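Just data-v6.csv here, CSV, C-alpha atoms:
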```
chain,number,residue,atom,x,y,z
S,1,MET,CA,0.0,0.0,0.0
S,2,THR,CA,1.2,3.5,-0.8
S,3,ALA,CA,0.2,6.7,1.0
S,4,LEU,CA,0.5,10.4,0.2
S,5,PRO,CA,3.8,12.1,1.3
S,6,ARG,CA,3.9,13.8,4.7
S,7,SER,CA,4.0,17.2,3.0
S,8,PHE,CA,0.3,16.9,2.0
S,9,ARG,CA,-0.6,16.6,5.7
S,10,ARG,CA,-3.4,19.2,6.2
S,11,SER,CA,-4.5,19.8,2.6
S,12,ILE,CA,-5.8,16.8,0.9
S,13,HIS,CA,-8.4,17.2,-1.9
S,14,ILE,CA,-10.7,14.4,-2.7
S,15,ARG,CA,-12.6,13.7,-6.0
S,16,HIS,CA,-15.6,11.4,-5.4
S,17,ILE,CA,-16.9,9.3,-8.2
S,18,ASP,CA,-20.0,7.2,-8.1
S,19,ALA,CA,-19.4,4.3,-10.4
S,20,GLY,CA,-22.7,2.5,-9.9
S,21,SER,CA,-23.3,2.8,-6.2
S,22,ASP,CA,-26.7,2.1,-4.6
S,23,GLY,CA,-26.6,5.6,-2.9
S,24,ALA,CA,-26.2,4.4,0.7
S,25,ILE,CA,-22.5,5.3,0.8
S,26,GLU,CA,-23.2,8.7,-0.7
S,27,GLN,CA,-25.3,9.5,2.4
S,28,GLU,CA,-22.4,8.5,4.6
S,29,ILE,CA,-20.0,10.7,2.5
S,30,ALA,CA,-22.4,13.6,2.8
S,31,ALA,CA,-22.3,13.1,6.6
S,32,LEU,CA,-18.5,13.7,6.6
S,33,LEU,CA,-19.3,17.4,5.9
S,34,SER,CA,-21.7,17.7,8.8
S,35,PRO,CA,-20.7,19.7,11.9
S,36,TYR,CA,-20.3,16.4,13.8
S,37,TYR,CA,-17.7,14.6,11.7
S,38,ASP,CA,-16.4,17.8,10.1
S,39,MET,CA,-13.9,16.4,7.7
S,40,GLN,CA,-12.3,19.8,7.0
S,41,ARG,CA,-10.9,19.9,10.6
S,42,LEU,CA,-8.6,17.1,9.5
S,43,GLY,CA,-7.6,18.8,6.3
S,44,PHE,CA,-9.8,16.9,3.9
S,45,PHE,CA,-11.7,18.7,1.2
S,46,PHE,CA,-13.9,17.7,-1.7
S,47,THR,CA,-13.0,19.1,-5.1
S,48,ALA,CA,-15.0,19.0,-8.3
S,49,SER,CA,-12.0,18.8,-10.6
S,50,PRO,CA,-9.7,15.7,-10.8
S,51,ARG,CA,-6.9,18.1,-11.7
S,52,HIS,CA,-7.0,19.4,-8.1
S,53,ALA,CA,-7.5,16.1,-6.5
S,54,ASP,CA,-5.0,14.0,-4.5
S,55,VAL,CA,-7.4,11.2,-3.6
S,56,LEU,CA,-9.9,9.4,-5.9
S,57,LEU,CA,-12.8,8.2,-3.7
S,58,ALA,CA,-14.5,5.6,-5.9
S,59,THR,CA,-17.8,4.1,-4.8
S,60,GLY,CA,-20.0,1.5,-6.4
S,61,VAL,CA,-19.7,-1.7,-8.2
S,62,VAL,CA,-18.2,-0.2,-11.4
S,63,THR,CA,-20.8,-0.5,-14.2
S,64,ARG,CA,-19.6,-0.8,-17.8
S,65,PRO,CA,-20.5,2.8,-18.7
S,66,MET,CA,-18.5,4.1,-15.8
S,67,VAL,CA,-15.2,2.4,-16.7
S,68,GLU,CA,-14.1,5.1,-19.1
S,69,PRO,CA,-15.0,8.0,-16.8
S,70,LEU,CA,-13.0,6.3,-14.0
S,71,GLN,CA,-10.0,5.9,-16.2
S,72,LEU,CA,-10.2,9.4,-17.5
S,73,THR,CA,-10.5,10.8,-14.0
S,74,TYR,CA,-7.5,8.8,-12.8
S,75,GLU,CA,-5.4,10.0,-15.8
S,76,ALA,CA,-6.3,13.6,-15.2
S,77,MET,CA,-5.1,13.5,-11.6
S,78,PRO,CA,-1.6,14.8,-10.8
S,79,GLU,CA,0.8,12.4,-9.2
S,80,PRO,CA,1.1,11.3,-6.4
S,81,ARG,CA,-2.4,10.0,-6.5
S,82,ILE,CA,-4.3,7.6,-4.2
S,83,VAL,CA,-7.3,5.5,-5.1
S,84,VAL,CA,-9.7,4.6,-2.2
S,85,ALA,CA,-12.4,2.0,-2.9
S,86,ALA,CA,-15.2,2.8,-0.5
S,87,GLY,CA,-17.9,0.3,0.3
S,88,THR,CA,-18.3,-3.4,-0.2
S,89,ASP,CA,-19.4,-2.9,-3.8
S,90,ALA,CA,-16.3,-1.0,-4.6
S,91,CYS,CA,-14.1,-3.5,-2.8
S,92,SER,CA,-15.4,-6.7,-4.5
S,93,GLY,CA,-18.8,-6.2,-6.1
S,94,GLY,CA,-20.7,-7.4,-3.1
S,95,ILE,CA,-24.1,-8.9,-4.0
S,96,TRP,CA,-23.8,-7.7,-7.6
S,97,SER,CA,-22.6,-9.9,-10.4
S,98,GLY,CA,-23.3,-10.3,-14.1
S,99,ASP,CA,-22.1,-8.9,-17.4
S,100,GLU,CA,-22.9,-5.3,-16.8
S,101,VAL,CA,-20.8,-4.9,-13.7
S,102,LEU,CA,-17.1,-5.4,-13.3
S,103,GLY,CA,-17.2,-6.1,-9.6
S,104,GLY,CA,-14.8,-3.8,-7.8
S,105,VAL,CA,-12.7,-0.7,-8.5
S,106,ASP,CA,-9.5,-2.8,-8.6
S,107,ARG,CA,-10.6,-4.3,-11.9
S,108,VAL,CA,-10.0,-0.9,-13.5
S,109,LEU,CA,-7.6,1.1,-11.3
S,110,PRO,CA,-4.8,0.3,-8.8
S,111,VAL,CA,-6.5,0.6,-5.4
S,112,ASP,CA,-4.5,1.7,-2.4
S,113,VAL,CA,-7.0,1.7,0.4
S,114,TYR,CA,-10.1,-0.6,0.7
S,115,ILE,CA,-12.9,0.5,3.0
S,116,PRO,CA,-15.3,-2.5,3.5
S,117,GLY,CA,-18.8,-2.1,4.8
S,118,ASP,CA,-22.2,-1.8,3.3
S,119,PRO,CA,-22.2,1.1,3.8
S,120,PRO,CA,-19.2,2.0,5.9
S,121,PRO,CA,-20.0,4.5,8.6
S,122,PRO,CA,-18.4,8.0,8.4
S,123,ILE,CA,-15.8,6.9,11.0
S,124,ALA,CA,-14.7,4.1,8.7
S,125,LEU,CA,-14.4,6.6,5.8
S,126,LEU,CA,-12.4,8.9,7.9
S,127,HIS,CA,-10.2,6.0,9.0
S,128,GLY,CA,-9.6,5.1,5.3
S,129,LEU,CA,-8.8,8.6,4.3
S,130,LEU,CA,-6.3,9.0,7.2
S,131,LEU,CA,-4.8,5.7,6.1
S,132,ALA,CA,-4.5,7.1,2.5
S,133,ALA,CA,-2.9,10.3,3.9
S,134,GLY,CA,-0.4,8.2,5.8
S,135,ARG,CA,-1.4,9.7,9.2
S,136,ILE,CA,-2.3,6.5,11.0
S,137,GLU,CA,-1.0,3.0,10.9
S,138,PRO,CA,-3.3,0.2,9.7
S,139,ALA,CA,-5.3,-1.4,12.5
S,140,ALA,CA,-4.8,-5.1,13.3
S,141,PRO,CA,-7.5,-7.3,11.7
S,142,PRO,CA,-10.2,-8.1,14.2
S,143,ARG,CA,-10.1,-11.5,15.8
S,144,MET,CA,-12.9,-13.3,17.6
S,145,ARG,CA,-12.6,-12.6,21.4
S,146,ASP,CA,-12.3,-15.5,23.8
S,147,GLU,CA,-15.5,-14.6,25.6
S,148,ALA,CA,-17.5,-14.9,22.4
S,149,ARG,CA,-16.6,-18.6,22.1
I,1,MET,CA,-28.5,37.4,20.2
I,2,ILE,CA,-26.7,37.6,23.6
I,3,GLY,CA,-28.9,34.7,24.7
I,4,TRP,CA,-27.6,32.5,21.8
I,5,PHE,CA,-24.0,33.5,22.6
I,6,LEU,CA,-24.3,32.4,26.2
I,7,LYS,CA,-26.1,29.2,25.2
I,8,GLY,CA,-23.2,28.5,22.9
I,9,LEU,CA,-20.7,29.1,25.7
I,10,ARG,CA,-22.5,26.8,28.0
I,11,GLY,CA,-22.9,23.9,25.6
I,12,ARG,CA,-20.3,21.3,25.1
I,13,ARG,CA,-18.3,20.8,21.9
I,14,LEU,CA,-20.4,19.0,19.3
I,15,THR,CA,-17.7,17.8,16.8
I,16,THR,CA,-16.2,14.4,17.3
I,17,ARG,CA,-12.6,14.3,18.3
I,18,TYR,CA,-11.8,11.2,16.2
I,19,PRO,CA,-9.0,10.2,15.6
I,20,ARG,CA,-7.5,11.8,18.7
I,21,SER,CA,-9.9,9.9,20.9
I,22,PRO,CA,-11.9,6.7,19.9
I,23,GLU,CA,-15.4,7.0,18.6
I,24,ALA,CA,-18.1,4.5,19.1
I,25,PRO,CA,-19.7,3.2,15.9
I,26,PRO,CA,-23.3,4.4,15.1
I,27,VAL,CA,-26.1,2.6,17.1
I,28,ALA,CA,-27.4,0.7,14.1
I,29,HIS,CA,-24.0,-0.2,12.7
I,30,ARG,CA,-23.7,-4.0,12.2
I,31,GLY,CA,-20.0,-4.0,11.2
I,32,ARG,CA,-18.8,-7.2,9.5
I,33,ALA,CA,-18.7,-10.9,10.1
I,34,LEU,CA,-15.8,-12.5,11.9
I,35,LEU,CA,-14.8,-16.1,11.3
I,36,ASP,CA,-12.8,-18.3,13.7
I,37,PRO,CA,-11.2,-20.9,11.5
I,38,VAL,CA,-10.1,-23.0,14.5
I,39,ARG,CA,-13.7,-23.4,15.7
I,40,CYS,CA,-15.2,-23.9,12.3
I,41,SER,CA,-15.8,-27.6,11.4
I,42,PRO,CA,-18.1,-27.6,8.3
I,43,GLN,CA,-19.0,-31.3,8.2
I,44,ASP,CA,-22.7,-31.0,7.8
I,45,GLY,CA,-23.3,-29.0,4.7
I,46,ALA,CA,-22.0,-25.6,5.9
I,47,PRO,CA,-25.3,-23.7,6.4
I,48,CYS,CA,-23.5,-20.4,6.5
I,49,VAL,CA,-22.4,-20.8,2.9
I,50,SER,CA,-25.9,-21.4,1.6
I,51,VAL,CA,-27.4,-18.3,3.4
I,52,CYS,CA,-24.6,-15.9,2.3
I,53,LEU,CA,-26.0,-13.8,-0.5
I,54,PRO,CA,-22.8,-12.1,-1.7
I,55,ARG,CA,-20.9,-15.4,-1.5
I,56,ALA,CA,-18.5,-13.9,1.1
I,57,LEU,CA,-18.4,-17.3,2.8
I,58,ARG,CA,-17.1,-20.1,0.5
I,59,LEU,CA,-15.9,-23.6,0.7
I,60,ASP,CA,-12.4,-23.9,-0.6
I,61,ALA,CA,-10.9,-27.0,-2.4
I,62,GLU,CA,-10.1,-28.7,1.0
I,63,GLY,CA,-13.6,-28.2,2.4
I,64,GLU,CA,-12.7,-25.4,4.7
I,65,ILE,CA,-14.7,-22.2,5.1
I,66,GLU,CA,-13.1,-19.0,4.0
I,67,LEU,CA,-14.5,-15.5,4.6
I,68,ASP,CA,-13.9,-12.6,2.3
I,69,ALA,CA,-14.7,-9.6,4.5
I,70,GLY,CA,-14.5,-7.4,1.3
I,71,ARG,CA,-17.7,-9.1,0.1
I,72,CYS,CA,-19.5,-9.2,3.4
I,73,VAL,CA,-22.6,-7.0,3.5
I,74,ALA,CA,-23.1,-7.6,7.3
I,75,CYS,CA,-26.6,-9.1,7.1
I,76,GLY,CA,-25.8,-11.4,10.0
I,77,LEU,CA,-27.6,-14.5,8.6
I,78,CYS,CA,-24.4,-16.6,8.9
I,79,VAL,CA,-24.1,-15.9,12.6
I,80,ALA,CA,-27.6,-17.3,13.2
I,81,ALA,CA,-27.0,-20.3,10.9
I,82,CYS,CA,-23.7,-21.4,12.4
I,83,ARG,CA,-24.0,-24.3,14.9
I,84,GLU,CA,-20.5,-24.2,16.1
I,85,GLY,CA,-20.5,-20.5,17.1
I,86,ALA,CA,-17.5,-19.9,14.8
I,87,LEU,CA,-19.0,-16.8,13.3
I,88,ALA,CA,-19.7,-13.5,15.1
I,89,MET,CA,-20.3,-9.8,14.2
I,90,ASP,CA,-17.6,-7.3,14.8
I,91,ARG,CA,-19.1,-3.8,15.4
I,92,GLY,CA,-15.8,-2.0,15.1
I,93,ALA,CA,-15.8,0.9,12.6
I,94,GLU,CA,-12.1,1.2,11.9
I,95,THR,CA,-12.2,-1.3,9.0
I,96,ALA,CA,-10.1,0.3,6.3
I,97,VAL,CA,-7.1,-1.7,5.0
I,98,GLY,CA,-4.3,-1.0,2.6
I,99,ASP,CA,-4.1,-4.6,1.3
I,100,ARG,CA,-7.0,-6.7,-0.1
I,101,ALA,CA,-5.5,-9.9,1.3
I,102,VAL,CA,-6.1,-8.7,4.9
I,103,LEU,CA,-9.8,-9.0,4.3
I,104,LEU,CA,-9.5,-12.7,3.4
I,105,VAL,CA,-10.0,-14.8,6.5
I,106,GLY,CA,-9.2,-18.5,6.7
I,107,THR,CA,-7.5,-18.6,3.3
I,108,GLU,CA,-4.2,-20.3,2.5
I,109,ALA,CA,-2.3,-17.0,2.9
I,110,GLN,CA,-3.4,-16.6,6.5
I,111,ARG,CA,-3.0,-20.2,7.8
```

Let's see the structure in the file written out as structure tokens.
Amino acid sequence: MTALPRSFRRSIHIRHIDAGSDGAIEQEIAALLSPYYDMQRLGFFFTASPRHADVLLATGVVTRPMVEPLQLTYEAMPEPRIVVAAGTDACSGGIWSGDEVLGGVDRVLPVDVYIPGDPPPPIALLHGLLLAAGRIEPAAPPRMRDEAR
Amino acid sequence: MIGWFLKGLRGRRLTTRYPRSPEAPPVAHRGRALLDPVRCSPQDGAPCVSVCLPRALRLDAEGEIELDAGRCVACGLCVAACREGALAMDRGAETAVGDRAVLLVGTEAQR
């Protein structure tokens, strides 16, 4: 996994692309801008132009018509660039399969950070963005506790 | 006006302090399924595999269950179906990973 250099620390601009999402994760992304989660306090900003973006936040299962927009957006982004696949659909395809979906952003672009969850809560999105920014270390994968056995 | 100012001074801070202090996941958050490969013994048909809609739980070539947390939609049906108690839900929200292989539980790479 790669992360953005330290010099980006408090100014990271994000381009969000919906590549066939069910809309649930868009609500969670909108919550990031609410006064409670307040993404800007950590130095994350949404931008409309991929030329200003450091992080590509791709959601959805990647439908065929969205393959080219995804690739064009990625090519338009200046380096270094990070691709974050947010949601179960973007990680693997989830419940969707068939000819019209590719099943995951990593079929099209090199993904640096995966955020599983259907949809992931805003804290999980912040965790993934901080991971992409190189500001936290990856958490240990959860294990079943002894008392649950 | 001055009333609102004083109300604002009295009230506590609204914004979360994450990541400086831990943040509890939302109340309705179901998280993701957890698999304990040691406890899992799929002799009798593996009911969790048949109820898993996104096929996050699968039988590999040796008849062992493997869980792809990147496919899990956290419906919780497998936890109810498992007779050995080898599956549970993890409600933690800090789920992002930098490597797809971390999400694969019980596969050859992790054994």

Using only C-alpha atoms, which chain I residues lie at most 10 Å away from chain S, written as a PDB file with C-alpha atoms, in the frame of the given file?
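Wrote result16.pdb, looks like this:
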```
ATOM      1  CA  ARG I  13     -18.300  20.800  21.900  1.00  0.00           C
ATOM      2  CA  LEU I  14     -20.400  19.000  19.300  1.00  0.00           C
ATOM      3  CA  THR I  15     -17.700  17.800  16.800  1.00  0.00           C
ATOM      4  CA  THR I  16     -16.200  14.400  17.300  1.00  0.00           C
ATOM      5  CA  ARG I  17     -12.600  14.300  18.300  1.00  0.00           C
ATOM      6  CA  TYR I  18     -11.800  11.200  16.200  1.00  0.00           C
ATOM      7  CA  PRO I  19      -9.000  10.200  15.600  1.00  0.00           C
ATOM      8  CA  PRO I  22     -11.900   6.700  19.900  1.00  0.00           C
ATOM      9  CA  GLU I  23     -15.400   7.000  18.600  1.00  0.00           C
ATOM     10  CA  ALA I  24     -18.100   4.500  19.100  1.00  0.00           C
ATOM     11  CA  PRO I  25     -19.700   3.200  15.900  1.00  0.00           C
ATOM     12  CA  PRO I  26     -23.300   4.400  15.100  1.00  0.00           C
ATOM     13  CA  ALA I  28     -27.400   0.700  14.100  1.00  0.00           C
ATOM     14  CA  HIS I  29     -24.000  -0.200  12.700  1.00  0.00           C
ATOM     15  CA  ARG I  30     -23.700  -4.000  12.200  1.00  0.00           C
ATOM     16  CA  GLY I  31     -20.000  -4.000  11.200  1.00  0.00           C
ATOM     17  CA  ARG I  32     -18.800  -7.200   9.500  1.00  0.00           C
ATOM     18  CA  ALA I  33     -18.700 -10.900  10.100  1.00  0.00           C
ATOM     19  CA  LEU I  34     -15.800 -12.500  11.900  1.00  0.00           C
ATOM     20  CA  LEU I  35     -14.800 -16.100  11.300  1.00  0.00           C
ATOM     21  CA  ASP I  36     -12.800 -18.300  13.700  1.00  0.00           C
ATOM     22  CA  PRO I  37     -11.200 -20.900  11.500  1.00  0.00           C
ATOM     23  CA  ARG I  39     -13.700 -23.400  15.700  1.00  0.00           C
ATOM     24  CA  CYS I  52     -24.600 -15.900   2.300  1.00  0.00           C
ATOM     25  CA  LEU I  53     -26.000 -13.800  -0.500  1.00  0.00           C
ATOM     26  CA  PRO I  54     -22.800 -12.100  -1.700  1.00  0.00           C
ATOM     27  CA  ARG I  55     -20.900 -15.400  -1.500  1.00  0.00           C
ATOM     28  CA  ALA I  56     -18.500 -13.900   1.100  1.00  0.00           C
ATOM     29  CA  ASP I  68     -13.900 -12.600   2.300  1.00  0.00           C
ATOM     30  CA  ALA I  69     -14.700  -9.600   4.500  1.00  0.00           C
ATOM     31  CA  GLY I  70     -14.500  -7.400   1.300  1.00  0.00           C
ATOM     32  CA  ARG I  71     -17.700  -9.100   0.100  1.00  0.00           C
ATOM     33  CA  CYS I  72     -19.500  -9.200   3.400  1.00  0.00           C
ATOM     34  CA  VAL I  73     -22.600  -7.000   3.500  1.00  0.00           C
ATOM     35  CA  ALA I  74     -23.100  -7.600   7.300  1.00  0.00           C
ATOM     36  CA  CYS I  75     -26.600  -9.100   7.100  1.00  0.00           C
ATOM     37  CA  GLU I  84     -20.500 -24.200  16.100  1.00  0.00           C
ATOM     38  CA  GLY I  85     -20.500 -20.500  17.100  1.00  0.00           C
ATOM     39  CA  ALA I  86     -17.500 -19.900  14.800  1.00  0.00           C
ATOM     40  CA  LEU I  87     -19.000 -16.800  13.300  1.00  0.00           C
ATOM     41  CA  ALA I  88     -19.700 -13.500  15.100  1.00  0.00           C
ATOM     42  CA  MET I  89     -20.300  -9.800  14.200  1.00  0.00           C
ATOM     43  CA  ASP I  90     -17.600  -7.300  14.800  1.00  0.00           C
ATOM     44  CA  ARG I  91     -19.100  -3.800  15.400  1.00  0.00           C
ATOM     45  CA  GLY I  92     -15.800  -2.000  15.100  1.00  0.00           C
ATOM     46  CA  ALA I  93     -15.800   0.900  12.600  1.00  0.00           C
ATOM     47  CA  GLU I  94     -12.100   1.200  11.900  1.00  0.00           C
ATOM     48  CA  THR I  95     -12.200  -1.300   9.000  1.00  0.00           C
ATOM     49  CA  ALA I  96     -10.100   0.300   6.300  1.00  0.00           C
ATOM     50  CA  VAL I  97      -7.100  -1.700   5.000  1.00  0.00           C
ATOM     51  CA  GLY I  98      -4.300  -1.000   2.600  1.00  0.00           C
ATOM     52  CA  ASP I  99      -4.100  -4.600   1.300  1.00  0.00           C
ATOM     53  CA  ARG I 100      -7.000  -6.700  -0.100  1.00  0.00           C
ATOM     54  CA  VAL I 102      -6.100  -8.700   4.900  1.00  0.00           C
ATOM     55  CA  LEU I 103      -9.800  -9.000   4.300  1.00  0.00           C
ATOM     56  CA  VAL I 105     -10.000 -14.800   6.500  1.00  0.00           C
TER      57      VAL I 105
END
```

Radius query 12 Å about (-26.2, 2.4, -20.6), atoms used: only C-alpha atoms, as a list in words: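 The residues near that point, listed by chain and number, are Gly20, Thr63, Arg64, Pro65, Met66, Val67, Glu100 and Val101 of chain S.
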
At what distance in Å, to one decimal, does atom CA of S:Leu57 lie from atom CA of S:Ile82?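 The value is 8.5 Å.
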
Restricting the calculation to all atoms listed in the file: of S:Arg15, S:Leu32, S:Gly134, S:Phe46, which residue gets closest to S:Ala76?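 For S:Ala76, the nearest of the given residues is S:Arg15.
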
Could you state the separation of atom CA of S:Val105 and atom CA of S:Leu4 in Å, given to one decimal place? 19.3 Å

Rounded to one decimal in Å, what is the spacing between atom CA of S:Asp54 and atom CA of S:Leu72?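 That distance, rounded to one decimal, is 14.7 Å.
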
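Residues within 8 Å of S:Arg9, counting only C-alpha atoms and excluding same-chain residues fewer than 4 positions away, are Pro5, Gly43, Ala133 and Arg135 of chain S.
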
Residues proximal to (-18.2, -32.8, 4.4) were defined as those with any atom within 12 Å of that point in the file's coordinates, counting all atoms listed in the file. Which are they, as a VMD selection string? chain I and resid 41 to 47 59 to 65

Complete stretch 48-71 of chain I at the level of N, CA and C atoms, written as an mmCIF file, in the coordinates of the input.
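Okay, this is what ended up in part16.cif:
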```
data_model
loop_
_atom_site.group_PDB
_atom_site.id
_atom_site.type_symbol
_atom_site.label_atom_id
_atom_site.label_comp_id
_atom_site.auth_asym_id
_atom_site.auth_seq_id
_atom_site.Cartn_x
_atom_site.Cartn_y
_atom_site.Cartn_z
ATOM 1 N N CYS I 48 -23.818 -21.797 6.680
ATOM 2 C CA CYS I 48 -23.500 -20.400 6.500
ATOM 3 C C CYS I 48 -23.220 -20.071 5.025
ATOM 4 N N VAL I 49 -22.671 -21.039 4.283
ATOM 5 C CA VAL I 49 -22.400 -20.800 2.900
ATOM 6 C C VAL I 49 -23.657 -20.630 2.065
ATOM 7 N N SER I 50 -24.681 -21.422 2.423
ATOM 8 C CA SER I 50 -25.900 -21.400 1.600
ATOM 9 C C SER I 50 -26.727 -20.114 1.929
ATOM 10 N N VAL I 51 -26.580 -19.506 3.131
ATOM 11 C CA VAL I 51 -27.400 -18.300 3.400
ATOM 12 C C VAL I 51 -26.618 -17.035 2.985
ATOM 13 N N CYS I 52 -25.334 -17.133 2.621
ATOM 14 C CA CYS I 52 -24.600 -15.900 2.300
ATOM 15 C C CYS I 52 -24.881 -15.436 0.920
ATOM 16 N N LEU I 53 -25.608 -14.328 0.850
ATOM 17 C CA LEU I 53 -26.000 -13.800 -0.500
ATOM 18 C C LEU I 53 -24.885 -13.315 -1.322
ATOM 19 N N PRO I 54 -23.937 -12.534 -0.810
ATOM 20 C CA PRO I 54 -22.800 -12.100 -1.700
ATOM 21 C C PRO I 54 -21.723 -13.101 -1.867
ATOM 22 N N ARG I 55 -21.902 -14.324 -1.379
ATOM 23 C CA ARG I 55 -20.900 -15.400 -1.500
ATOM 24 C C ARG I 55 -19.558 -14.939 -0.826
ATOM 25 N N ALA I 56 -19.678 -14.248 0.314
ATOM 26 C CA ALA I 56 -18.500 -13.900 1.100
ATOM 27 C C ALA I 56 -17.913 -15.112 1.773
ATOM 28 N N LEU I 57 -18.798 -16.034 2.158
ATOM 29 C CA LEU I 57 -18.400 -17.300 2.800
ATOM 30 C C LEU I 57 -18.387 -18.350 1.689
ATOM 31 N N ARG I 58 -17.256 -19.061 1.572
ATOM 32 C CA ARG I 58 -17.100 -20.100 0.500
ATOM 33 C C ARG I 58 -16.415 -21.280 1.064
ATOM 34 N N LEU I 59 -16.660 -22.410 0.434
ATOM 35 C CA LEU I 59 -15.900 -23.600 0.700
ATOM 36 C C LEU I 59 -14.732 -23.681 -0.237
ATOM 37 N N ASP I 60 -13.522 -23.817 0.301
ATOM 38 C CA ASP I 60 -12.400 -23.900 -0.600
ATOM 39 C C ASP I 60 -12.198 -25.394 -1.024
ATOM 40 N N ALA I 61 -11.130 -25.656 -1.759
ATOM 41 C CA ALA I 61 -10.900 -27.000 -2.400
ATOM 42 C C ALA I 61 -10.826 -28.067 -1.295
ATOM 43 N N GLU I 62 -10.326 -27.705 -0.081
ATOM 44 C CA GLU I 62 -10.100 -28.700 1.000
ATOM 45 C C GLU I 62 -11.357 -28.815 1.888
ATOM 46 N N GLY I 63 -12.448 -28.152 1.544
ATOM 47 C CA GLY I 63 -13.600 -28.200 2.400
ATOM 48 C C GLY I 63 -13.619 -27.328 3.583
ATOM 49 N N GLU I 64 -12.701 -26.385 3.628
ATOM 50 C CA GLU I 64 -12.700 -25.400 4.700
ATOM 51 C C GLU I 64 -13.396 -24.156 4.332
ATOM 52 N N ILE I 65 -14.005 -23.501 5.339
ATOM 53 C CA ILE I 65 -14.700 -22.200 5.100
ATOM 54 C C ILE I 65 -13.706 -21.111 5.000
ATOM 55 N N GLU I 66 -13.892 -20.250 3.995
ATOM 56 C CA GLU I 66 -13.100 -19.000 4.000
ATOM 57 C C GLU I 66 -14.039 -17.833 3.853
ATOM 58 N N LEU I 67 -13.653 -16.739 4.508
ATOM 59 C CA LEU I 67 -14.500 -15.500 4.600
ATOM 60 C C LEU I 67 -13.764 -14.401 3.871
ATOM 61 N N ASP I 68 -14.436 -13.774 2.916
ATOM 62 C CA ASP I 68 -13.900 -12.600 2.300
ATOM 63 C C ASP I 68 -14.666 -11.377 2.861
ATOM 64 N N ALA I 69 -14.030 -10.694 3.813
ATOM 65 C CA ALA I 69 -14.700 -9.600 4.500
ATOM 66 C C ALA I 69 -14.935 -8.414 3.487
ATOM 67 N N GLY I 70 -14.243 -8.424 2.355
ATOM 68 C CA GLY I 70 -14.500 -7.400 1.300
ATOM 69 C C GLY I 70 -15.772 -7.642 0.565
ATOM 70 N N ARG I 71 -16.378 -8.810 0.710
ATOM 71 C CA ARG I 71 -17.700 -9.100 0.100
ATOM 72 C C ARG I 71 -18.809 -9.044 1.071
#
```
